[in-house]
>>> print(open('entry-v6.tsv').read())   # TSV, C-alpha atoms
chain	number	residue	atom	x	y	z
A	32	MET	CA	109.77	77.28	136.82
A	33	ILE	CA	110.98	79.03	133.65
A	34	PRO	CA	114.75	79.72	133.80
A	35	PRO	CA	115.61	83.46	133.69
A	36	VAL	CA	118.08	82.83	130.87
A	37	PHE	CA	115.23	81.54	128.67
A	38	ILE	CA	113.10	84.60	129.48
A	39	ALA	CA	115.96	86.85	128.35
A	40	ARG	CA	116.40	84.89	125.12
A	41	LYS	CA	112.67	84.94	124.38
A	42	ASN	CA	112.40	88.68	125.01
A	43	LYS	CA	115.25	89.30	122.55
A	44	ILE	CA	113.57	87.20	119.85
A	45	LEU	CA	110.17	88.83	120.39
A	46	ALA	CA	111.77	92.27	120.22
A	47	ASP	CA	113.25	91.39	116.82
A	48	LEU	CA	109.89	90.07	115.56
A	49	ALA	CA	108.20	93.28	116.72
A	50	THR	CA	110.36	95.30	114.32
A	51	PRO	CA	108.19	97.06	111.68
A	52	GLU	CA	107.84	94.92	108.55
A	53	GLU	CA	109.57	97.45	106.33
A	54	GLU	CA	112.62	97.39	108.65
A	55	TYR	CA	112.67	93.68	109.51
A	56	SER	CA	115.03	91.31	107.69
A	57	ASP	CA	116.26	87.78	108.29
A	58	LEU	CA	118.43	85.23	106.47
A	59	SER	CA	115.66	83.73	104.34
A	60	PRO	CA	115.37	84.55	100.60
A	61	LYS	CA	112.13	86.40	101.38
A	62	GLY	CA	113.79	88.30	104.23
A	63	SER	CA	110.78	88.20	106.56
A	64	VAL	CA	108.31	85.88	108.32
A	65	ASP	CA	106.03	84.04	105.88
A	66	GLU	CA	102.45	85.30	105.88
A	67	GLY	CA	101.07	81.75	105.90
A	68	ILE	CA	102.67	80.92	109.24
A	69	ARG	CA	102.55	84.26	111.06
A	70	ASP	CA	99.40	83.47	113.10
A	71	LEU	CA	100.78	80.10	114.22
A	72	ILE	CA	104.05	81.72	115.30
A	73	GLN	CA	102.15	84.29	117.34
A	74	GLU	CA	100.13	81.56	119.10
A	75	ILE	CA	103.27	79.58	119.89
A	76	ASN	CA	105.04	82.67	121.21
A	77	ASN	CA	102.08	83.37	123.51
A	78	ILE	CA	102.86	80.11	125.37
A	79	PRO	CA	105.14	81.08	128.32
A	80	GLY	CA	107.67	78.25	127.87
A	81	LEU	CA	108.07	78.47	124.07
A	82	VAL	CA	109.41	80.82	121.41
A	83	THR	CA	110.04	80.30	117.68
A	84	THR	CA	113.57	80.85	116.37
A	85	SER	CA	113.07	80.20	112.63
A	86	SER	CA	110.29	79.11	110.34
A	87	CYS	CA	109.11	78.44	106.81
A	88	ALA	CA	105.47	77.98	105.83
A	89	GLY	CA	106.41	75.70	102.93
A	90	ARG	CA	107.73	76.77	99.52
A	91	ILE	CA	108.46	76.10	95.87
A	92	SER	CA	111.99	77.03	94.86
A	93	VAL	CA	114.27	76.80	91.85
A	94	PHE	CA	117.91	77.06	92.88
A	95	LEU	CA	121.14	77.26	90.88
A	96	GLU	CA	124.07	75.66	92.66
A	97	GLY	CA	127.26	77.63	93.16
A	98	ARG	CA	130.57	76.77	91.59
A	99	LYS	CA	132.33	73.91	93.34
A	100	ALA	CA	135.60	74.82	95.02
A	101	PRO	CA	138.58	73.30	93.19
A	102	ASN	CA	140.50	70.51	94.87
A	103	ARG	CA	143.88	71.72	93.68
A	104	PRO	CA	145.52	75.03	94.66
A	105	GLY	CA	146.82	77.20	91.86
A	106	PRO	CA	147.16	80.76	90.53
A	107	GLU	CA	143.61	80.62	89.10
A	108	ASP	CA	142.22	79.76	92.55
A	109	ASP	CA	141.55	83.40	93.50
A	110	ALA	CA	139.77	84.04	90.21
A	111	ARG	CA	137.47	81.08	90.80
A	112	LYS	CA	136.69	82.29	94.33
A	113	ARG	CA	135.81	85.75	93.00
A	114	GLU	CA	133.52	84.12	90.43
A	115	GLN	CA	131.98	82.01	93.17
A	116	ARG	CA	131.23	85.07	95.32
A	117	LYS	CA	129.34	86.67	92.43
A	118	PHE	CA	126.56	84.15	92.99
A	119	VAL	CA	126.08	84.71	96.72
A	120	PRO	CA	123.09	87.07	97.10
A	121	SER	CA	121.67	88.29	100.40
A	122	GLY	CA	119.65	85.45	101.84
A	123	GLY	CA	121.17	82.98	99.40
A	124	LYS	CA	122.00	79.37	100.11
A	125	GLY	CA	125.75	78.97	99.91
A	126	ALA	CA	127.52	79.87	96.68
A	127	GLY	CA	124.47	79.88	94.42
A	128	ARG	CA	121.39	81.90	93.61
A	129	TRP	CA	117.63	81.56	93.70
A	130	LEU	CA	115.94	81.59	90.30
A	131	TYR	CA	112.44	81.41	91.78
A	132	VAL	CA	110.93	81.24	95.29
A	133	SER	CA	107.26	81.20	96.34
A	134	HIS	CA	105.60	80.36	99.66
A	135	ASP	CA	102.21	79.96	97.95
A	136	PRO	CA	100.93	77.57	95.28
A	137	LEU	CA	102.04	78.60	91.80
A	138	ASP	CA	98.97	79.90	89.99
A	139	ASN	CA	99.87	80.16	86.30
A	140	LYS	CA	96.45	81.19	84.96
A	141	GLU	CA	98.01	83.38	82.28
A	142	GLY	CA	99.78	80.33	80.84
A	143	LYS	CA	103.18	81.95	81.15
A	144	SER	CA	106.16	79.83	80.17
A	145	LEU	CA	107.59	78.11	83.25
A	146	LEU	CA	111.00	78.01	81.60
A	147	GLU	CA	110.93	81.80	81.37
A	148	LEU	CA	109.51	82.15	84.89
A	149	PHE	CA	112.37	80.04	86.28
A	150	GLY	CA	115.03	81.93	84.33
A	151	MET	CA	115.99	79.11	81.97
A	152	VAL	CA	116.21	78.63	78.22
A	153	PRO	CA	115.39	75.37	76.41
A	154	GLY	CA	118.19	72.85	76.23
A	155	ASN	CA	118.80	69.78	74.10
A	156	GLY	CA	117.95	67.38	76.92
A	157	LYS	CA	121.53	66.12	77.18
A	158	PRO	CA	123.36	66.39	80.51
A	159	PRO	CA	126.47	68.60	80.51
A	160	GLY	CA	129.95	67.21	80.88
A	161	MET	CA	132.60	67.98	83.47
A	162	VAL	CA	133.68	71.60	83.84
A	163	ASP	CA	137.33	72.16	84.78
A	164	GLY	CA	137.48	68.72	86.29
A	165	HIS	CA	134.39	68.99	88.49
A	166	ALA	CA	130.66	68.44	88.17
A	167	PRO	CA	128.48	71.09	86.49
A	168	ARG	CA	126.35	73.53	88.44
A	169	LEU	CA	122.85	72.08	88.48
A	170	VAL	CA	119.44	73.70	88.81
A	171	ARG	CA	117.12	72.02	91.31
A	172	PHE	CA	113.35	72.36	91.51
A	173	SER	CA	112.24	71.79	95.12
A	174	TRP	CA	109.11	71.77	97.18
A	175	GLU	CA	109.63	71.87	100.95
A	176	PRO	CA	106.97	71.50	103.68
A	177	MET	CA	106.56	73.65	106.77
A	178	ILE	CA	109.52	73.69	109.13
A	179	LEU	CA	109.59	75.29	112.57
A	180	HIS	CA	112.36	75.62	115.12
A	181	ILE	CA	110.89	76.18	118.58
A	182	MET	CA	113.00	76.99	121.63
A	183	ALA	CA	111.63	75.57	124.89
A	184	ALA	CA	112.33	76.72	128.43
A	185	THR	CA	112.97	73.17	129.65
A	186	LEU	CA	112.76	69.60	128.39
A	187	HIS	CA	109.37	69.41	130.12
A	188	ASP	CA	108.16	72.28	127.88
A	189	ALA	CA	109.61	70.62	124.78
A	190	GLN	CA	107.74	67.33	125.28
A	191	PRO	CA	104.24	68.58	124.24
A	192	VAL	CA	105.76	70.11	121.09
A	193	LEU	CA	107.32	66.80	120.06
A	194	ALA	CA	104.10	64.94	120.83
A	195	ALA	CA	102.02	67.37	118.73
A	196	ALA	CA	104.50	67.23	115.82
A	197	SER	CA	104.57	63.43	115.73
A	198	SER	CA	100.79	63.05	115.93
A	199	SER	CA	100.14	65.60	113.16
A	200	GLY	CA	102.40	64.08	110.49
A	201	PHE	CA	105.74	65.80	111.10
A	202	ARG	CA	107.43	62.49	111.85
A	203	GLU	CA	111.03	63.59	111.32
A	204	SER	CA	110.76	66.11	114.16
A	205	GLY	CA	113.25	65.96	116.98
A	206	LEU	CA	115.39	67.72	119.56
A	207	GLN	CA	118.39	69.60	118.16
A	208	GLY	CA	121.57	69.10	120.17
A	209	LEU	CA	121.94	67.47	123.56
A	210	ARG	CA	124.05	70.05	125.39
A	211	CYS	CA	120.91	71.17	127.22
A	212	LEU	CA	120.89	67.78	128.99
A	213	VAL	CA	124.22	68.36	130.73
A	214	GLU	CA	124.73	72.11	131.04
A	215	GLY	CA	121.73	72.97	133.25
A	216	GLU	CA	119.61	76.10	133.32
A	217	ASN	CA	122.33	78.46	132.06
A	218	GLY	CA	123.23	76.27	129.09
A	219	PRO	CA	121.49	76.27	125.70
A	220	SER	CA	117.71	75.96	125.77
A	221	PRO	CA	116.20	72.87	124.09
A	222	ILE	CA	115.20	73.50	120.46
A	223	VAL	CA	112.59	71.32	118.76
A	224	ALA	CA	112.72	71.05	114.96
A	225	VAL	CA	109.22	70.41	113.58
A	226	ARG	CA	109.68	68.93	110.10
A	227	SER	CA	108.49	66.34	107.60
A	228	ALA	CA	111.17	65.35	105.10
A	229	GLY	CA	108.95	62.62	103.68
A	230	LEU	CA	106.67	65.23	102.08
A	231	ALA	CA	109.51	67.02	100.27
A	232	LEU	CA	110.01	66.94	96.50
A	233	GLU	CA	113.19	67.61	94.51
A	234	SER	CA	114.21	67.21	90.87
A	235	VAL	CA	117.18	68.35	88.77
A	236	VAL	CA	115.74	70.44	85.92
A	237	GLY	CA	118.68	72.34	84.42
A	238	TYR	CA	122.30	73.39	84.54
A	239	TYR	CA	124.52	76.43	84.14
A	240	ASP	CA	126.20	76.64	80.74
A	241	ASP	CA	129.65	78.13	81.41
A	242	GLY	CA	130.37	78.61	77.74
A	243	SER	CA	127.35	80.80	77.03
A	244	ASP	CA	126.78	82.10	80.59
A	245	ILE	CA	123.11	81.06	80.61
A	246	VAL	CA	120.96	78.53	82.48
A	247	ARG	CA	119.72	75.72	80.24
A	248	SER	CA	116.82	73.39	80.95
A	249	LEU	CA	117.22	69.61	81.00
A	250	VAL	CA	113.46	69.00	80.92
A	251	THR	CA	110.45	70.06	78.90
A	252	GLU	CA	107.81	72.65	79.71
A	253	GLU	CA	105.34	69.80	80.30
A	254	TYR	CA	107.66	68.17	82.83
A	255	LEU	CA	107.95	71.45	84.76
A	256	GLN	CA	104.15	71.76	84.74
A	257	MET	CA	103.89	68.26	86.24
A	258	LEU	CA	106.30	69.24	89.03
A	259	VAL	CA	104.32	72.41	89.74
A	260	THR	CA	101.05	70.42	89.90
A	261	MET	CA	102.60	67.98	92.38
A	262	ALA	CA	103.97	70.86	94.47
A	263	ASN	CA	100.60	72.63	94.56
A	264	GLU	CA	98.93	69.42	95.80
A	265	ARG	CA	101.51	69.13	98.56
A	266	PHE	CA	100.72	72.67	99.67
A	267	SER	CA	97.22	71.40	100.53
A	268	VAL	CA	98.60	68.46	102.54
A	269	ASN	CA	101.00	70.84	104.24
A	270	THR	CA	98.17	73.18	105.25
A	271	GLU	CA	96.21	70.28	106.78
A	272	ARG	CA	99.23	69.07	108.76
A	273	LYS	CA	100.00	72.58	109.94
A	274	GLN	CA	96.43	72.95	111.26
A	275	ARG	CA	96.59	69.54	112.97
A	276	PHE	CA	99.86	70.53	114.61
A	277	ARG	CA	98.38	73.81	115.84
A	278	THR	CA	95.32	72.06	117.32
A	279	ALA	CA	97.37	69.30	118.96
A	280	LEU	CA	99.91	71.72	120.43
A	281	LEU	CA	97.31	74.05	121.93
A	282	ASN	CA	95.34	71.07	123.29
A	283	ASN	CA	98.48	69.58	124.85
A	284	TYR	CA	99.32	72.79	126.67
A	285	THR	CA	95.72	73.39	127.73
A	286	SER	CA	95.48	69.86	129.19
A	287	GLU	CA	98.83	70.21	130.91
A	288	SER	CA	97.81	73.56	132.41
A	289	MET	CA	94.54	72.11	133.75
A	290	GLN	CA	96.38	69.13	135.25
A	291	ALA	CA	98.84	71.45	136.93
A	292	LYS	CA	95.99	73.46	138.46
A	293	GLY	CA	94.33	70.25	139.67
A	294	LYS	CA	97.52	69.14	141.38
A	295	THR	CA	97.79	72.47	143.10
A	296	LYS	CA	94.27	72.15	144.51
A	297	SER	CA	94.10	68.49	145.43
A	298	GLY	CA	97.63	67.14	145.12
A	299	SER	CA	100.14	66.30	147.84
A	300	GLU	CA	100.97	69.02	150.37
A	301	ASP	CA	104.47	70.19	151.14
A	302	PRO	CA	105.68	67.99	154.08
A	303	GLN	CA	106.96	70.89	156.19
A	304	LYS	CA	103.79	72.92	155.72
A	305	ARG	CA	101.67	69.88	156.53
A	306	LYS	CA	103.65	69.31	159.74
A	307	GLU	CA	103.15	72.93	160.83
A	308	ARG	CA	99.43	72.81	160.01
A	309	MET	CA	98.88	69.55	161.93
A	310	ARG	CA	100.73	70.95	164.97
A	311	ALA	CA	98.63	74.12	164.96
A	312	GLU	CA	95.41	72.13	164.66
A	313	GLY	CA	96.50	69.83	167.52
A	314	LEU	CA	97.29	72.75	169.82
A	315	ALA	CA	93.94	74.38	169.02
A	316	ARG	CA	92.09	71.12	169.79
A	317	LYS	CA	93.96	70.66	173.06
A	318	LYS	CA	93.17	74.20	174.12
A	319	MET	CA	89.47	73.70	173.33
A	320	LEU	CA	89.33	70.48	175.42
A	321	GLU	CA	91.07	72.14	178.36
A	322	SER	CA	88.56	74.99	178.20
A	323	GLN	CA	85.64	72.55	178.21
A	324	ALA	CA	87.09	70.67	181.19
A	325	THR	CA	87.50	73.89	183.19
A	326	GLN	CA	83.88	74.86	182.53
A	327	ALA	CA	82.68	71.36	183.54
A	328	LYS	CA	84.50	71.55	186.91
A	329	ALA	CA	83.02	74.96	187.61
A	330	THR	CA	79.47	73.60	187.22
A	331	GLY	CA	80.13	70.38	189.15
A	332	GLN	CA	79.57	68.15	186.14
A	333	GLY	CA	83.13	67.07	186.05
A	334	THR	CA	82.95	64.94	189.31
A	335	GLU	CA	79.82	63.11	188.17
A	336	GLY	CA	81.36	62.41	184.88
A	337	ASN	CA	84.48	60.99	186.56
A	338	ASP	CA	82.42	58.77	188.93
A	339	GLU	CA	80.41	57.43	186.00
A	340	ALA	CA	83.59	56.61	184.15
A	341	ALA	CA	84.95	54.79	187.22
A	342	ILE	CA	81.79	52.67	187.51
A	343	TRP	CA	81.91	51.63	183.84
A	344	GLY	CA	85.59	50.87	184.24
A	345	THR	CA	84.81	48.54	187.19
A	346	LEU	CA	82.09	46.72	185.26
A	347	ASP	CA	84.42	46.20	182.31
A	348	THR	CA	87.00	44.54	184.52
>>> encode(input="entry-v6.tsv", output="structure tokens")
Amino acid sequence: MIPPVFIARKNKILADLATPEEEYSDLSPKGSVDEGIRDLIQEINNIPGLVTTSSCAGRISVFLEGRKAPNRPGPEDDARKREQRKFVPSGGKGAGRWLYVSHDPLDNKEGKSLLELFGMVPGNGKPPGMVDGHAPRLVRFSWEPMILHIMAATLHDAQPVLAAASSSGFRESGLQGLRCLVEGENGPSPIVAVRSAGLALESVVGYYDDGSDIVRSLVTEEYLQMLVTMANERFSVNTERKQRFRTALLNNYTSESMQAKGKTKSGSEDPQKRKERMRAEGLARKKMLESQATQAKATGQGTEGNDEAAIWGTLDT
């Protein structure tokens, strides 16, 4: 049975996803569901005991870290915090900003400069020193595989998701939080994180130059092209794993549904119902035998039958 509290939670999530695309917004840099994962999300949400809560189809990103909070209090503290807030855009990741984000392979057929595309200028290749007593703000090039968070109605519903994730290459998948184990039906629903950290790629490629207020590269154009090539190849692996996960998940739920139907048809019967059925069948049989005996007496066959039984009983003794 699906707990009513899960049904209410799923209906709320589906209502949000049904919002027209031009009005929908979430906390991701893109602000909406990735096109490359939309069909999979719809198929998952069609399963009664599951609903997706967040997702990413996989992406290339270039991210500038935010300013580190100072360890010492002082009059310049408020000024630093104001500066820090300047780099917190909608959908950002902490006190920083995205220089580039794409959920598709980077196709640079025009031969455009990657330094320019990522919002950096050439540097001298030397790492920056400390800034006001703390580390510099770095620029990180990242490639991240598909990640899905799927809410399940019960632990029983979560099990096929974990099995499908593990068998399709998302080996770091797992159950988030254990409160659902102790708080019952009205507690938090189990959430399965489908992920594969082993496929991720990250490299420091630049830093923020406080003196000139620009982002400088620590690597060459050729090095960035190598990273992009590696990321594009991982998009292909990611697509294959995503398809394997989809197939395994749908197969798991189809098999489980067929097994459940089989148990309903040929499995064990409820003890109380079985007792009532056996009693009714016994009474019907008794009534039929009594009716046959009455008819036999009326035709005189009953006496002969009794005499014959007595004779055989004598011979047996």
>>> atom_distance(input="entry-v6.tsv", atom1="atom CA of A:Ser197", atom2="atom CA of A:Ala224")
11.2 Å
>>> residues_around(input="entry-v6.tsv", residues="A:Trp174", least_positions_apart="6", cutoff="12 Å", atoms="all atoms listed in the file", output="PyMOL selection string")
chain A and resi 87-94+131-137+227-234+258-266+269
>>> atom_distance(input="entry-v6.tsv", atom1="atom CA of A:Ile72", atom2="atom CA of A:Arg171")
29.0 Å
>>> residues_around(input="entry-v6.tsv", residues="stretch 180-186 of chain A", least_positions_apart="4", cutoff="9 Å", atoms="all atoms listed in the file", output="list in words")
Met32, Ile33, Pro34, Val36, Phe37, Ile38, Lys41, Ile75, Pro79, Gly80, Leu81, Val82, Thr83, Thr84, Ser85, Ser86, Gln190, Val192, Cys211, Leu212, Glu216, Ser220, Pro221, Ile222, Val223, Ala224, Val225 and Arg226 of chain A
>>> atom_distance(input="entry-v6.tsv", atom1="atom CA of A:Ile78", atom2="atom CA of A:Asn42")
12.8 Å
>>> closest_residue(input="entry-v6.tsv", among="A:Leu71, A:Thr251, A:Pro219, A:Tyr239", to="A:Lys273", atoms="only C-alpha atoms")
A:Leu71
>>> residues_around(input="entry-v6.tsv", residues="stretch 254-256 of chain A", least_positions_apart="6", cutoff="12 Å", atoms="all atoms listed in the file", output="compact mmCIF listing (two decimals) with C-alpha atoms, keeping the file's coordinate frame")
# COMPACT_ATOMS: atom_id res chain seq x y z
CA VAL A 93 114.27 76.80 91.85
CA LEU A 137 102.04 78.60 91.80
CA ASP A 138 98.97 79.90 89.99
CA ASN A 139 99.87 80.16 86.30
CA GLY A 142 99.78 80.33 80.84
CA LYS A 143 103.18 81.95 81.15
CA SER A 144 106.16 79.83 80.17
CA LEU A 145 107.59 78.11 83.25
CA LEU A 146 111.00 78.01 81.60
CA GLU A 147 110.93 81.80 81.37
CA LEU A 148 109.51 82.15 84.89
CA PHE A 149 112.37 80.04 86.28
CA MET A 151 115.99 79.11 81.97
CA PRO A 153 115.39 75.37 76.41
CA GLY A 156 117.95 67.38 76.92
CA ARG A 171 117.12 72.02 91.31
CA PHE A 172 113.35 72.36 91.51
CA SER A 173 112.24 71.79 95.12
CA GLU A 233 113.19 67.61 94.51
CA SER A 234 114.21 67.21 90.87
CA VAL A 235 117.18 68.35 88.77
CA VAL A 236 115.74 70.44 85.92
CA GLY A 237 118.68 72.34 84.42
CA SER A 248 116.82 73.39 80.95
CA ALA A 262 103.97 70.86 94.47
CA ASN A 263 100.60 72.63 94.56
>>> axis_aligned_box(input="entry-v6.tsv", around="stretch 263-271 of chain A", padding_each_side="5 Å", output="JSON")
{"center_x": 98.9, "center_y": 70.8, "center_z": 100.7, "size_x": 15.3, "size_y": 14.7, "size_z": 22.2}
